[in-house]
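Undergrad: Have a peek at data-v1.cif (mmCIF, C-alpha atoms (C1' of nucleotides)).
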```cif
data_run
loop_
_atom_site.group_PDB
_atom_site.id
_atom_site.type_symbol
_atom_site.label_atom_id
_atom_site.label_comp_id
_atom_site.auth_asym_id
_atom_site.auth_seq_id
_atom_site.Cartn_x
_atom_site.Cartn_y
_atom_site.Cartn_z
ATOM 1 C CA MET A 1 12.004 -25.050 16.173
ATOM 2 C CA SER A 2 9.718 -22.104 15.534
ATOM 3 C CA SER A 3 6.412 -20.945 16.909
ATOM 4 C CA PRO A 4 3.676 -19.611 14.624
ATOM 5 C CA ASP A 5 3.256 -16.521 16.754
ATOM 6 C CA GLY A 6 6.956 -15.922 16.918
ATOM 7 C CA ALA A 7 6.866 -16.343 20.654
ATOM 8 C CA GLY A 8 8.580 -18.617 23.077
ATOM 9 C CA ALA A 9 8.835 -18.964 26.809
ATOM 10 C CA SER A 10 9.369 -15.208 27.012
ATOM 11 C CA GLN A 11 6.122 -14.323 25.214
ATOM 12 C CA THR A 12 4.351 -11.367 26.821
ATOM 13 C CA LEU A 13 0.562 -11.662 27.169
ATOM 14 C CA ALA A 14 -1.825 -8.876 28.167
ATOM 15 C CA VAL A 15 -4.717 -9.780 30.453
ATOM 16 C CA ILE A 16 -7.445 -7.154 30.351
ATOM 17 C CA ASP A 17 -10.644 -6.541 32.260
ATOM 18 C CA PHE A 18 -13.380 -3.924 31.806
ATOM 19 C CA GLU A 19 -15.874 -2.632 34.319
ATOM 20 C CA THR A 20 -18.904 -1.209 32.511
ATOM 21 C CA THR A 21 -22.336 0.360 32.963
ATOM 22 C CA GLY A 22 -24.061 -2.707 31.492
ATOM 23 C CA MET A 23 -23.759 -5.904 29.529
ATOM 24 C CA SER A 24 -23.551 -4.812 25.925
ATOM 25 C CA PRO A 25 -22.039 -1.832 24.071
ATOM 26 C CA GLY A 26 -24.709 -2.447 21.461
ATOM 27 C CA MET A 27 -27.318 -1.479 24.057
ATOM 28 C CA GLY A 28 -25.517 1.719 24.985
ATOM 29 C CA ALA A 29 -23.345 0.421 27.819
ATOM 30 C CA ARG A 30 -19.968 2.118 28.249
ATOM 31 C CA ALA A 31 -16.743 1.167 29.969
ATOM 32 C CA THR A 32 -16.137 2.752 33.368
ATOM 33 C CA GLU A 33 -12.729 1.239 34.121
ATOM 34 C CA ILE A 34 -10.069 -0.822 32.394
ATOM 35 C CA ALA A 35 -7.063 -2.713 33.663
ATOM 36 C CA ALA A 36 -4.296 -4.535 31.832
ATOM 37 C CA VAL A 37 -1.820 -6.921 33.430
ATOM 38 C CA LEU A 38 1.225 -8.090 31.499
ATOM 39 C CA VAL A 39 2.550 -11.605 32.136
ATOM 40 C CA ARG A 40 5.852 -13.014 30.959
ATOM 41 C CA ASN A 41 8.073 -15.899 32.038
ATOM 42 C CA GLY A 42 5.472 -17.164 34.473
ATOM 43 C CA GLN A 43 4.984 -13.919 36.367
ATOM 44 C CA ILE A 44 3.246 -10.555 36.333
ATOM 45 C CA VAL A 45 5.590 -7.930 34.903
ATOM 46 C CA GLY A 46 3.327 -4.897 34.463
ATOM 47 C CA ARG A 47 0.037 -3.354 35.567
ATOM 48 C CA TYR A 48 -2.190 -0.600 34.167
ATOM 49 C CA GLN A 49 -5.487 0.603 35.586
ATOM 50 C CA SER A 50 -7.653 3.645 35.013
ATOM 51 C CA LEU A 51 -11.204 4.821 35.458
ATOM 52 C CA MET A 52 -12.766 6.148 32.241
ATOM 53 C CA ARG A 53 -15.008 9.202 31.840
ATOM 54 C CA SER A 54 -17.414 8.597 28.986
ATOM 55 C CA GLY A 55 -20.341 10.701 30.159
ATOM 56 C CA ALA A 56 -22.447 7.581 30.617
ATOM 57 C CA TRP A 57 -24.592 7.299 33.734
ATOM 58 C CA VAL A 58 -23.654 4.551 36.190
ATOM 59 C CA PRO A 59 -26.753 2.714 37.484
ATOM 60 C CA PRO A 60 -26.969 2.273 41.281
ATOM 61 C CA PHE A 61 -26.669 -1.498 41.127
ATOM 62 C CA ILE A 62 -23.415 -1.143 39.167
ATOM 63 C CA THR A 63 -22.077 1.204 41.844
ATOM 64 C CA GLN A 64 -23.094 -1.355 44.444
ATOM 65 C CA LEU A 65 -21.421 -4.148 42.473
ATOM 66 C CA THR A 66 -18.185 -2.397 41.549
ATOM 67 C CA GLY A 67 -17.850 0.525 43.943
ATOM 68 C CA ILE A 68 -17.521 2.840 40.924
ATOM 69 C CA SER A 69 -19.777 5.900 41.215
ATOM 70 C CA ASN A 70 -20.770 8.738 38.913
ATOM 71 C CA ALA A 71 -18.803 11.126 41.142
ATOM 72 C CA MET A 72 -15.652 9.046 40.720
ATOM 73 C CA LEU A 73 -15.980 9.121 36.931
ATOM 74 C CA GLU A 74 -16.434 12.897 36.826
ATOM 75 C CA ALA A 75 -12.827 13.225 37.956
ATOM 76 C CA ALA A 76 -11.512 10.447 35.682
ATOM 77 C CA PRO A 77 -9.576 10.965 32.421
ATOM 78 C CA ALA A 78 -11.565 10.878 29.184
ATOM 79 C CA ALA A 79 -12.318 7.403 27.807
ATOM 80 C CA ALA A 80 -10.513 8.100 24.521
ATOM 81 C CA GLU A 81 -7.388 9.211 26.356
ATOM 82 C CA VAL A 82 -7.451 6.057 28.480
ATOM 83 C CA MET A 83 -7.885 3.787 25.459
ATOM 84 C CA ARG A 84 -4.897 5.410 23.746
ATOM 85 C CA GLU A 85 -2.847 4.980 26.927
ATOM 86 C CA VAL A 86 -3.769 1.351 27.499
ATOM 87 C CA GLY A 87 -3.102 0.616 23.820
ATOM 88 C CA GLU A 88 0.407 1.990 24.204
ATOM 89 C CA PHE A 89 0.877 0.011 27.434
ATOM 90 C CA ILE A 90 -0.186 -3.272 25.823
ATOM 91 C CA GLY A 91 1.655 -2.729 22.555
ATOM 92 C CA ASP A 92 1.381 -5.793 20.346
ATOM 93 C CA ALA A 93 0.976 -8.287 23.194
ATOM 94 C CA PRO A 94 -1.771 -10.851 22.484
ATOM 95 C CA LEU A 95 -4.863 -10.371 24.650
ATOM 96 C CA VAL A 96 -6.439 -12.609 27.282
ATOM 97 C CA ALA A 97 -9.620 -12.134 29.323
ATOM 98 C CA HIS A 98 -12.108 -14.119 31.380
ATOM 99 C CA ASN A 99 -15.154 -14.474 29.123
ATOM 100 C CA ALA A 100 -13.285 -12.752 26.315
ATOM 101 C CA ALA A 101 -16.429 -12.267 24.232
ATOM 102 C CA PHE A 102 -17.593 -9.672 26.764
ATOM 103 C CA ASP A 103 -14.326 -7.719 26.964
ATOM 104 C CA ARG A 104 -13.744 -7.997 23.196
ATOM 105 C CA GLY A 105 -17.048 -6.241 22.564
ATOM 106 C CA PHE A 106 -16.154 -3.311 24.809
ATOM 107 C CA TRP A 107 -12.544 -3.263 23.560
ATOM 108 C CA ARG A 108 -13.724 -2.858 19.983
ATOM 109 C CA ALA A 109 -16.446 -0.344 20.842
ATOM 110 C CA GLU A 110 -14.225 1.883 22.985
ATOM 111 C CA CYS A 111 -11.341 1.699 20.469
ATOM 112 C CA GLU A 112 -13.740 2.729 17.710
ATOM 113 C CA ARG A 113 -15.076 5.652 19.739
ATOM 114 C CA ALA A 114 -11.516 6.708 20.599
ATOM 115 C CA ASP A 115 -10.371 6.299 16.988
ATOM 116 C CA VAL A 116 -7.709 3.854 18.189
ATOM 117 C CA ALA A 117 -6.740 0.864 16.056
ATOM 118 C CA PRO A 118 -7.247 -2.414 17.942
ATOM 119 C CA PRO A 119 -4.525 -4.660 16.379
ATOM 120 C CA PRO A 120 -4.197 -7.127 19.279
ATOM 121 C CA VAL A 121 -7.775 -8.346 18.709
ATOM 122 C CA ASP A 122 -6.844 -9.481 15.233
ATOM 123 C CA SER A 123 -4.211 -11.837 16.638
ATOM 124 C CA GLY A 124 -6.896 -13.604 18.700
ATOM 125 C CA PHE A 125 -8.366 -13.133 22.144
ATOM 126 C CA ALA A 126 -7.624 -16.016 24.502
ATOM 127 C CA CYS A 127 -10.409 -16.781 26.963
ATOM 128 C CA THR A 128 -9.729 -18.223 30.415
ATOM 129 C CA LEU A 129 -13.433 -19.101 30.765
ATOM 130 C CA LEU A 130 -13.394 -21.374 27.708
ATOM 131 C CA LEU A 131 -10.040 -22.832 28.766
ATOM 132 C CA ALA A 132 -11.259 -23.458 32.319
ATOM 133 C CA ARG A 133 -14.268 -25.392 31.050
ATOM 134 C CA ARG A 134 -11.875 -27.704 29.217
ATOM 135 C CA LEU A 135 -9.062 -27.927 31.738
ATOM 136 C CA TYR A 136 -11.112 -27.972 34.960
ATOM 137 C CA PRO A 137 -14.463 -29.676 34.268
ATOM 138 C CA GLU A 138 -14.493 -30.749 37.907
ATOM 139 C CA ALA A 139 -14.712 -27.153 39.167
ATOM 140 C CA PRO A 140 -18.091 -26.223 40.754
ATOM 141 C CA ASN A 141 -18.554 -23.608 38.040
ATOM 142 C CA HIS A 142 -16.254 -21.438 35.949
ATOM 143 C CA ARG A 143 -16.879 -17.976 37.339
ATOM 144 C CA LEU A 144 -13.688 -16.078 38.041
ATOM 145 C CA GLY A 145 -14.286 -15.954 41.796
ATOM 146 C CA THR A 146 -14.988 -19.675 41.958
ATOM 147 C CA LEU A 147 -11.844 -20.534 40.010
ATOM 148 C CA LYS A 148 -9.825 -18.231 42.281
ATOM 149 C CA ALA A 149 -11.029 -20.205 45.305
ATOM 150 C CA PHE A 150 -10.767 -23.563 43.499
ATOM 151 C CA HIS A 151 -7.069 -23.005 42.748
ATOM 152 C CA GLU A 152 -6.350 -20.930 45.859
ATOM 153 C CA LEU A 153 -5.045 -18.092 43.705
ATOM 154 C CA PRO A 154 -3.533 -15.006 45.386
ATOM 155 C CA ASP A 155 -5.944 -12.358 46.600
ATOM 156 C CA ALA A 156 -5.777 -9.226 44.446
ATOM 157 C CA GLY A 157 -8.253 -6.934 46.182
ATOM 158 C CA ARG A 158 -11.921 -6.150 45.749
ATOM 159 C CA ALA A 159 -13.649 -8.300 43.136
ATOM 160 C CA HIS A 160 -15.412 -6.408 40.336
ATOM 161 C CA ARG A 161 -12.699 -3.794 40.167
ATOM 162 C CA ALA A 162 -10.762 -3.976 36.920
ATOM 163 C CA LEU A 163 -7.230 -4.389 38.276
ATOM 164 C CA ALA A 164 -8.209 -6.960 40.899
ATOM 165 C CA ASP A 165 -10.126 -9.058 38.359
ATOM 166 C CA ALA A 166 -7.355 -8.708 35.760
ATOM 167 C CA GLU A 167 -4.774 -9.837 38.312
ATOM 168 C CA VAL A 168 -6.841 -12.854 39.334
ATOM 169 C CA THR A 169 -7.298 -13.699 35.650
ATOM 170 C CA ALA A 170 -3.543 -13.343 35.157
ATOM 171 C CA HIS A 171 -2.855 -15.759 38.012
ATOM 172 C CA LEU A 172 -5.438 -18.136 36.542
ATOM 173 C CA LEU A 173 -3.735 -17.873 33.151
ATOM 174 C CA LEU A 174 -0.343 -18.647 34.688
ATOM 175 C CA ARG A 175 -1.858 -21.635 36.495
ATOM 176 C CA MET A 176 -3.371 -22.837 33.220
ATOM 177 C CA GLN A 177 -0.078 -22.491 31.376
ATOM 178 C CA ARG A 178 1.668 -24.548 34.063
ATOM 179 C CA ASP A 179 -1.076 -27.183 34.043
ATOM 180 C CA VAL A 180 -1.058 -27.490 30.249
ATOM 181 C CA GLU A 181 2.727 -27.808 30.204
ATOM 182 C CA ARG A 182 2.631 -30.411 32.988
ATOM 183 C CA ARG A 183 -0.298 -32.359 31.541
ATOM 184 C CA PHE A 184 1.129 -32.505 28.029
ATOM 185 C CA GLU A 185 4.779 -32.533 29.011
ATOM 186 C CA ASP A 186 5.697 -35.129 26.392
ATOM 187 C CA GLN A 187 4.007 -33.359 23.486
ATOM 188 C CA ILE A 188 4.214 -29.669 24.148
ATOM 189 C CA GLY A 189 7.783 -28.798 23.192
ATOM 190 C CA GLU A 190 10.081 -26.035 24.318
ATOM 191 C CA GLU A 191 7.808 -23.112 23.482
ATOM 192 C CA GLY A 192 5.331 -24.093 26.210
ATOM 193 C CA ALA A 193 1.720 -22.998 26.471
ATOM 194 C CA THR A 194 1.842 -20.041 24.093
ATOM 195 C CA HIS A 195 -1.070 -17.789 23.218
ATOM 196 C CA ALA A 196 -1.419 -19.591 19.875
ATOM 197 C CA LEU A 197 -1.746 -22.968 21.608
ATOM 198 C CA LEU A 198 -4.231 -21.590 24.153
ATOM 199 C CA LEU A 199 -6.394 -20.250 21.302
ATOM 200 C CA LYS A 200 -6.523 -23.752 19.822
ATOM 201 C CA LEU A 201 -7.153 -25.486 23.149
ATOM 202 C CA GLN A 202 -10.076 -23.186 24.030
ATOM 203 C CA ARG A 203 -11.863 -24.406 20.875
ATOM 204 C CA ALA A 204 -10.857 -28.060 21.091
ATOM 205 C CA PRO A 205 -13.253 -30.825 22.153
ATOM 206 C CA ARG A 206 -12.674 -31.503 25.852
ATOM 207 C CA GLN A 207 -11.742 -35.131 25.278
ATOM 208 C CA ARG A 208 -9.231 -34.323 22.535
ATOM 209 C CA LEU A 209 -6.956 -31.735 24.113
ATOM 210 C CA GLY A 210 -3.936 -34.026 23.655
ATOM 211 C CA ASP A 211 -4.660 -34.335 19.934
ATOM 212 C CA CYS A 212 -4.871 -30.552 19.760
ATOM 213 C CA VAL A 213 -1.448 -30.137 21.394
ATOM 214 C CA ARG A 214 0.115 -32.720 19.074
ATOM 215 C CA ALA A 215 -1.418 -31.073 15.998
ATOM 216 C CA HIS A 216 -0.115 -27.692 17.187
ATOM 217 C CA ARG A 217 3.363 -29.182 17.563
ATOM 218 C CA VAL A 218 3.260 -30.440 13.975
ATOM 219 C CA VAL A 219 2.409 -26.933 12.750
ATOM 220 C CA CYS A 220 5.192 -25.430 14.866
ATOM 221 C CA ALA A 221 7.730 -27.902 13.570
ATOM 222 C CA ALA A 222 6.768 -27.398 9.925
ATOM 223 C "C1'" DT B 1 -31.215 -8.631 41.554
ATOM 224 C "C1'" DG B 2 -32.004 -10.194 37.420
ATOM 225 C "C1'" DC B 3 -33.426 -8.790 33.314
ATOM 226 C "C1'" DC B 4 -31.127 -6.849 29.014
ATOM 227 C "C1'" DA B 5 -26.864 -8.879 24.791
ATOM 228 C "C1'" DG B 6 -23.452 -11.750 22.816
ATOM 229 C "C1'" DG B 7 -20.838 -15.783 22.293
ATOM 230 C "C1'" DC B 8 -20.176 -20.162 23.497
ATOM 231 C "C1'" DC B 9 -21.217 -25.048 25.085
ATOM 232 C "C1'" DC B 10 -24.128 -29.126 25.847
ATOM 233 C "C1'" DT B 11 -27.772 -32.203 24.704
ATOM 234 C "C1'" DC B 12 -33.489 -34.640 25.576
ATOM 235 C "C1'" DT B 13 -29.456 -31.419 18.894
ATOM 236 C "C1'" DT B 14 -28.297 -30.140 14.147
ATOM 237 C "C1'" DT B 15 -34.810 -26.995 10.525
ATOM 238 C "C1'" DA B 16 -33.342 -26.004 18.564
ATOM 239 C "C1'" DG B 17 -33.442 -24.686 23.078
ATOM 240 C "C1'" DG B 18 -31.522 -23.790 27.411
ATOM 241 C "C1'" DG B 19 -27.614 -22.713 30.465
ATOM 242 C "C1'" DC B 20 -23.314 -20.371 31.525
ATOM 243 C "C1'" DC B 21 -20.514 -16.141 32.059
ATOM 244 C "C1'" DT B 22 -19.348 -11.230 31.749
ATOM 245 C "C1'" DT B 23 -21.262 -5.788 34.108
#
```
Can you give me the file's structure in the form of structure tokens?

TA:
Amino acid sequence: MSSPDGAGASQTLAVIDFETTGMSPGMGARATEIAAVLVRNGQIVGRYQSLMRSGAWVPPFITQLTGISNAMLEAAPAAAEVMREVGEFIGDAPLVAHNAAFDRGFWRAECERADVAPPPVDSGFACTLLLARRLYPEAPNHRLGTLKAFHELPDAGRAHRALADAEVTAHLLLRMQRDVERRFEDQIGEEGATHALLLKLQRAPRQRLGDCVRAHRVVCAA
DNA sequence: TGCCAGGCCCTCTTTAGGGCCTT
């Protein structure tokens, strides 16, 4: 049997999280911190975290939210240097984030500014927010902090810091992979809940997740 | 703190509007 992404149980996924000065790079917001957590074989196998000096001003409410100040960024490595470093750390591992649309926007913008090619984005960006809405409709809401409490995930430190949020997202991803494999045990096959399957599930109608897994299996077996 | 934006989902929809989630 083969998997369309060439992966199996040992597939390495990269969970990333940005802290930023605002909501949209299109409105001038810049990244202030990035973290990447590698997961493989059901566990965290690598961590990267760095503040990023872009020259952008950090608003007071962002400092209050994240603990990241303008003074901290003055001593941080340049944003372009950090993006090159994190790109090397991640390699060709497929990406995952909570509300991936947000992190994808900053990933693309900061890669472009740093003149770094962003190949992992082209292989798809799995989103634990979209997956949580499908897998856990009974959760009070699908914010990262709520899902952490809902599943009693391990504490990773201060929320709204990149590494802590990336680690919580990584634990959520691992929980989701286990739940998908358990829930669709009869259909899922040996490769398990791969990145390719998660990309399909996050777009599938909530009531037809089983059909999605079966259809994925047919593609894998072809 | 809650706007801003962007992408997505849901429904009182589809020639739309409102809510969720991220910093």

Undergrad: In terms of the shortest atom-to-atom distance over only C-alpha atoms, which of A:Val39, A:Ala31, A:Ala162, A:Ala215 is closest to A:Met52?

TA: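 Closest to A:Met52, using only C-alpha atoms: A:Ala31.
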
Undergrad: Tell me, in Å to one decimal, how far atom CA of A:Ile16 is from atom CA of A:Arg158.

TA: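 Distance between the two atoms: 16.1 Å.
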
Undergrad: Using only C-alpha atoms (C1' of nucleotides) and a distance of at most 9 Å, pull out the residues of chain A that contact chain B, as number ranges by chain.

TA: A: 18-27, 61-62, 65-66, 98-103, 105, 129-130, 141-143, 160

Undergrad: Any chance you could export the current selection's C-alpha atoms as an mmCIF file, keeping the file's coordinate frame?

TA:
```
data_model
loop_
_atom_site.group_PDB
_atom_site.id
_atom_site.type_symbol
_atom_site.label_atom_id
_atom_site.label_comp_id
_atom_site.auth_asym_id
_atom_site.auth_seq_id
_atom_site.Cartn_x
_atom_site.Cartn_y
_atom_site.Cartn_z
ATOM 1 C CA PHE A 18 -13.380 -3.924 31.806
ATOM 2 C CA GLU A 19 -15.874 -2.632 34.319
ATOM 3 C CA THR A 20 -18.904 -1.209 32.511
ATOM 4 C CA THR A 21 -22.336 0.360 32.963
ATOM 5 C CA GLY A 22 -24.061 -2.707 31.492
ATOM 6 C CA MET A 23 -23.759 -5.904 29.529
ATOM 7 C CA SER A 24 -23.551 -4.812 25.925
ATOM 8 C CA PRO A 25 -22.039 -1.832 24.071
ATOM 9 C CA GLY A 26 -24.709 -2.447 21.461
ATOM 10 C CA MET A 27 -27.318 -1.479 24.057
ATOM 11 C CA PHE A 61 -26.669 -1.498 41.127
ATOM 12 C CA ILE A 62 -23.415 -1.143 39.167
ATOM 13 C CA LEU A 65 -21.421 -4.148 42.473
ATOM 14 C CA THR A 66 -18.185 -2.397 41.549
ATOM 15 C CA HIS A 98 -12.108 -14.119 31.380
ATOM 16 C CA ASN A 99 -15.154 -14.474 29.123
ATOM 17 C CA ALA A 100 -13.285 -12.752 26.315
ATOM 18 C CA ALA A 101 -16.429 -12.267 24.232
ATOM 19 C CA PHE A 102 -17.593 -9.672 26.764
ATOM 20 C CA ASP A 103 -14.326 -7.719 26.964
ATOM 21 C CA GLY A 105 -17.048 -6.241 22.564
ATOM 22 C CA LEU A 129 -13.433 -19.101 30.765
ATOM 23 C CA LEU A 130 -13.394 -21.374 27.708
ATOM 24 C CA ASN A 141 -18.554 -23.608 38.040
ATOM 25 C CA HIS A 142 -16.254 -21.438 35.949
ATOM 26 C CA ARG A 143 -16.879 -17.976 37.339
ATOM 27 C CA HIS A 160 -15.412 -6.408 40.336
#
```

Undergrad: Starting from the shown file, work through the PyMOL selection byres ((chain A and resi 55) around 12) and note down what comes out as a list of chain:residue names.

TA: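 This file, filtered by the PyMOL selection byres ((chain A and resi 55) around 12), leaves A:Thr21, A:Gly28, A:Ala29, A:Arg30, A:Ala31, A:Thr32, A:Met52, A:Arg53, A:Ser54, A:Ala56, A:Trp57, A:Val58, A:Asn70, A:Ala71, A:Met72, A:Leu73, A:Glu74, A:Ala75, A:Ala76, A:Pro77, A:Ala78, A:Ala79, A:Ala80.
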
Undergrad: Run through the PyMOL selection byres ((chain A and resi 175-182) around 10) on the given coordinates and return the selected residues as a VMD selection string.

TA: chain A and resid 42 128 131 to 132 135 to 136 151 153 169 to 174 183 to 195 197 to 198 201 209 to 210 213

Undergrad: Just to be explicit: take each residue in the selection above, keep C-alpha atoms, and write the result as a CSV table (one decimal), in the frame of the given file.

TA:
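Generated output (part21.csv):
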```csv
chain,number,residue,atom,x,y,z
A,42,GLY,CA,5.5,-17.2,34.5
A,128,THR,CA,-9.7,-18.2,30.4
A,131,LEU,CA,-10.0,-22.8,28.8
A,132,ALA,CA,-11.3,-23.5,32.3
A,135,LEU,CA,-9.1,-27.9,31.7
A,136,TYR,CA,-11.1,-28.0,35.0
A,151,HIS,CA,-7.1,-23.0,42.7
A,153,LEU,CA,-5.0,-18.1,43.7
A,169,THR,CA,-7.3,-13.7,35.6
A,170,ALA,CA,-3.5,-13.3,35.2
A,171,HIS,CA,-2.9,-15.8,38.0
A,172,LEU,CA,-5.4,-18.1,36.5
A,173,LEU,CA,-3.7,-17.9,33.2
A,174,LEU,CA,-0.3,-18.6,34.7
A,183,ARG,CA,-0.3,-32.4,31.5
A,184,PHE,CA,1.1,-32.5,28.0
A,185,GLU,CA,4.8,-32.5,29.0
A,186,ASP,CA,5.7,-35.1,26.4
A,187,GLN,CA,4.0,-33.4,23.5
A,188,ILE,CA,4.2,-29.7,24.1
A,189,GLY,CA,7.8,-28.8,23.2
A,190,GLU,CA,10.1,-26.0,24.3
A,191,GLU,CA,7.8,-23.1,23.5
A,192,GLY,CA,5.3,-24.1,26.2
A,193,ALA,CA,1.7,-23.0,26.5
A,194,THR,CA,1.8,-20.0,24.1
A,195,HIS,CA,-1.1,-17.8,23.2
A,197,LEU,CA,-1.7,-23.0,21.6
A,198,LEU,CA,-4.2,-21.6,24.2
A,201,LEU,CA,-7.2,-25.5,23.1
A,209,LEU,CA,-7.0,-31.7,24.1
A,210,GLY,CA,-3.9,-34.0,23.7
A,213,VAL,CA,-1.4,-30.1,21.4
```

Undergrad: Just how far from atom CA of A:Leu144 is atom CA of A:Val86, in Å to one decimal?

TA: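 One can read the atom CA of A:Val86 to atom CA of A:Leu144 distance as 22.7 Å.
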
Undergrad: Would you work out the distance separating atom CA of A:Ala204 from atom CA of A:Arg40, expressed in Å to one decimal?

TA: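 Between these atoms lies a distance of 24.6 Å.
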